[in-house]
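Undergrad: Please read through the structure below; I'll follow up with questions.
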Amino acid sequence: MSAVDRTRDIGEYVPAQDDDMIVCRCEEITKGEIRRAVHDGMYNVHEVRRLLRCGMGLCQGQTCARLVKSIVARELGVRSLEDATARAPMRPIEMSVFANDGGGE
Amino acid sequence: MKRYDLIVIGAGPAGLSAATEAASHGLRVAVFDENARPGGQLFKQIHKFFGSKEHKAKIRGYDIGRELLKEAESLGVEVFLNAPVIGLYAEKEVVARHADGVRHYKGDTVIVATGASENMLTFEGWTLPGVMGAGAAQTMMNINRVTPGERVLMLGSGNVGLVVGYQLIQAGCELVAIIDAAPRVGGYGVHAAKVARTGVPFYLSHTVVRAEGTDRVTGVTIGEVDASWQIIAGSEKHFDVDTICIAVGLSPSTQLLKMAGADMAEPAAGAGFLPVCSATGETSISGLYASGDVSGIEEASSAMIEGRISGVAAAGKLGFADAETVETRLNALETALSALHEGLFAPRNRGKSVPLTDEGIDNSQHLLKNGYLADDEVAKYPGVKRVSGVHPIIECTQNIPCNPCQDACPKQCIKVGANIVALPVFDETSACIGCGQCVAACSGQSIFLVNDDIGDNLASVTIPYEFLPLPEKGDVGTALDRSGTPICAATVTDVRAAKAFDHTSLLTFSVPRDEYMRARFWKKGAAV
Ligand SMILES: Cc1cc2nc3c(=O)[nH]c(=O)nc-3n(C[C@H](O)[C@H](O)[C@H](O)COP(=O)(O)OP(=O)(O)OC[C@H]3O[C@@H](n4cnc5c(N)ncnc54)[C@H](O)[C@@H]3O)c2cc1C
Ligand code: SF4
Ligand code: SF4
């Protein structure tokens with residue numbers, strides 16, 4: 001992951017009319033929470049996800065990953081932003097199944 | 001660890017094609033898919049495909065899926081269903097979930113063909129039940145056989161929005177409108193026209209303002225957007241709907257490639273990250289390929305060719321096919337793929353306004369703004385000739401990669417030529433026998449058969465018809481024009497259904513002679 005420029009001045013958090021709109025349905029995270037997280041210093045989707053859990057619910061970000069990314073990018077005033085890290089397990093999976101690791105058998 | 005020469009992740013058109021190609025060169029192949037049924041998007045696609053005969057044009061998506069599966073099975077490809085791949089590592093170790101546990105596999109080569117997921121759009125009320133992706137609506141209708149709702153608004157005029165919109169009408173839903181924030185219809189004109197002539201209005205430069213309802217969608221308000229995408233005050237329109245379908249594009253499902261450590265890059269800043277691939281789809285990791293929508297959103301037709309390209313490349317890499325065999329095969333496949341990348345919808349034309357067709361004729365702006373051709377511009381195109389007697393009127397006016405009409409005609413009346421994006425030309429010197437093969441074969445449902453004089457000052461119009469119940473000979477109804485506006489009384493004079501027509505029926509109705517160039521759809525009953 002490329003380094004994050006934390007000296008970037010993104011100005012004050014200004015409340016917006018649609019701040020209470022839910023963006024991540026699985027974890028019920030609003031646009032305002034995501035915007036505020038950026039102003040609290042989470043300068044990439046990875047950190048926002050760790051703080052708020054958006055994209056970590058049942059759909060694993062299938063619906064909101066792109067939306068969250070565009071909100072963070074706009075808040076930072078950048079066009080391009082890296083996607084969040086992809087990690088196993090790629091799909092939600094019960095612990096009992098995950099733990100039943102048959103290895104290469 | 002169980003070892004395969006090739007492991008394919010995703011059993012869509014790309015994955016299945018990759019698997020069959022590789023297996024045909026002798027590789028031991030396993031395919032994993034998280035769904036209960038193989039085929040990816042293909043089994044949802046009930047319409048006839050575009051393209052050329054060699055690449056399964058005019059065949060419906062689900063039939064292509066069946067053919068591919070049969071081929072894969074006969075070559076001994078192992079297909080694991082209900083088996084999501086949850087991890088992929090640089091050493092080409094694949095971790096898949098089975099019913100109650102996970103297993104590890106090793107592929108000497110791995111092809112990732114995981115397709116794409118639908119983009120969503122946020123607006124007030126977007127989380128209400130009744131707002132869904134167009135792909136989800138398509139799955140409900142065509143796989144699970146339930147209608148998503150009764151009255152539907154479609155947001156998005158790309159091919160997905162147009163195709164799913166048409167299927168909603170076929171399933172018996174009322175499609176109240178197709179809207180798009182862009183100022184022009186994004187998908188094929190022929191797809192738009194077949195929706196428009198049933199009476200569905202298009203609102204370009206419009207977006208959803210809000211979905212209404214408390215615990216489910218009961219209505220929607222749309223509004224016109226200005227150049228900076230802001231809603232123009234006073235432009236709002238309301239529709240009573242119970243469903244809002246969103247078709248605003250797809251995003252490649254690249255997570256497994258990322259996880260494996262393949263290099264990713266954006267084609268342009270903000271365009272989204274894609275795997276960096278060679279011409280054969282090989283990523284920065286040797287022997288790991290990306291194929292189909294996961295390597296960049298296209299279509300099933302190109303996904304199938306890309307899959308075969310990666311499949312033969314894997315065979316070459318592992319020494320199952322010699323360099324010459326690989327090269328000959330790759331050349332043929334790449335030629336086919338580049339033919340699909342030509343024409344109005346070529347990648348290089350994306351987002352651009354193209355004023356003229358390759359033939360130098362105006363691209364209809366009316367079609368792009370309203371979803372149908374204006375009456376006075378139809379005759380400009382080479383598929384439309386005013387001659388007497390029975391003959392086809394080909395309203396296919398954009399350069400798209402497609403040519404089944406040419407092969408369909410037993411009398412060589414229709415020519416597309418070697419360049420499959422060329423506009424079909426009706427040769428008026430040939431002798432059309434009115435067999436209707438062209439009408440049924442046209443993937444875009446854009447060929448009509450007319451007879452300008454059947455006596456009694458009447459003319460006949462034959463249209464492709466894919467709705468049930470089928471009208472019957474003698475039914476009295478109303479002819480609609482290209483915009484879906486009722487224009488005159490019309491009596492059904494013939495209904496033809498044949499196995500060779502593959503579920504497209506030919507509906508012939510009579511209209512006053514001066515209306516045969518306008519009448520393009522038929523509805524039962526008198527006009528209201
Ligand atoms: C609504 C809609 C309509 C379309 N209409 C047309 C059309 O008319 N003509 C046309 O040519 N194209 C059409 N397309 C596009 C076409 O469907 C796609 O381009 C094509 O299906 C891409 O093929 P693919 O094999 O890359 O991906 P897909 O068909 O999406 O297949 C991917 C497969 O991978 C599986 N998968 C994904 N992740 C995992 C995982 N982690 N583990 C296991 N399995 C996984 C999925 O279950 C799926 O079966 C349409 C697309 C949509 C969404
Ligand atoms: S109706 Fe038959 S003969 Fe006439 S153009 Fe069509 S396919 Fe050819
Ligand atoms: S007229 Fe020919 S080229 Fe045009 S959509 Fe129909 S079959 Fe394809």
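As shown in the structure tokens, the chain order sets the letters A, B, ...; within each chain, residues go from 1, and ligands are also counted from 1 in the order they appear.
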Mind checking which residues fall within 10 Å of region 392-394 of chain B, counting only C-alpha atoms, ignoring those fewer than 4 positions away in the same chain, and posting them as a count of residues only?

TA: 34

Undergrad: So which residues of chain A fall under strand (DSSP E) by DSSP, listed as a ChimeraX atom specification?

TA: /A:22-24,29-30

Undergrad: Kindly provide, as a PyMOL selection string, all nucleotide and amino acid residues lying within 6 Å of ligand 1, counting only C-alpha atoms and all ligand atoms.

TA: chain B and resi 9-15+32-35+39-42+49+83-86+113-116+134-135+160+292-294+298-301+303

Undergrad: If we count only C-alpha atoms and set the cut-off at 10 Å, which residues sit around region 46-55 of chain A, ignoring sequence neighbours fewer than 2 positions away in its own chain? Please answer as a PyMOL selection string.

TA: chain A and resi 1+23-30+33-38+40-44+57-66+68-69+72+82-86

Undergrad: Could those residues be written to a file, using C-alpha atoms, as a compact mmCIF listing (two decimals), in the first residue's frame?

TA:
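After the write, out-v3.txt holds the following:
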# COMPACT_ATOMS: atom_id res chain seq x y z
CA MET A 1 0.00 0.00 0.00
CA VAL A 23 -24.06 3.88 2.57
CA CYS A 24 -23.00 0.50 3.96
CA ARG A 25 -26.25 -1.35 4.48
CA CYS A 26 -24.79 -4.40 6.19
CA GLU A 27 -23.12 -2.42 8.96
CA GLU A 28 -25.48 0.58 8.78
CA ILE A 29 -22.79 3.19 8.28
CA THR A 30 -23.87 6.62 7.07
CA GLU A 33 -19.83 8.89 9.57
CA ILE A 34 -17.54 8.14 6.65
CA ARG A 35 -16.92 11.82 5.94
CA ARG A 36 -16.22 12.50 9.59
CA ALA A 37 -13.79 9.57 9.74
CA VAL A 38 -11.78 11.15 6.95
CA ASP A 40 -10.59 12.44 11.94
CA GLY A 41 -7.49 11.34 10.01
CA MET A 42 -8.49 8.16 8.17
CA TYR A 43 -6.98 9.09 4.83
CA ASN A 44 -7.71 5.91 2.86
CA GLY A 57 -20.55 -7.08 6.71
CA LEU A 58 -22.42 -9.87 5.03
CA CYS A 59 -21.88 -8.69 1.45
CA GLN A 60 -18.20 -7.97 2.06
CA GLY A 61 -18.40 -4.61 0.36
CA GLN A 62 -19.94 -5.91 -2.88
CA THR A 63 -22.45 -3.06 -2.71
CA CYS A 64 -20.72 -0.25 -0.84
CA ALA A 65 -16.98 -0.56 -1.54
CA ARG A 66 -17.20 1.66 -4.58
CA VAL A 68 -17.29 4.41 0.21
CA LYS A 69 -14.28 4.91 -2.02
CA VAL A 72 -13.47 9.25 0.78
CA GLU A 82 -6.51 2.59 -3.80
CA ASP A 83 -9.05 -0.11 -3.03
CA ALA A 84 -9.10 -1.70 0.39
CA THR A 85 -6.84 -4.67 0.98
CA ALA A 86 -8.30 -8.00 -0.12

Undergrad: So that I can check the surroundings of Gly165 (chain B), please list as a PyMOL selection string every protein, DNA and RNA residue that reaches within 12 Å of it, counting only C-alpha atoms and ignoring chain neighbours fewer than 6 positions away.

TA: chain B and resi 133-135+137-138+141+148+151-159+171-179+187+191-196+198+200-202+243-247
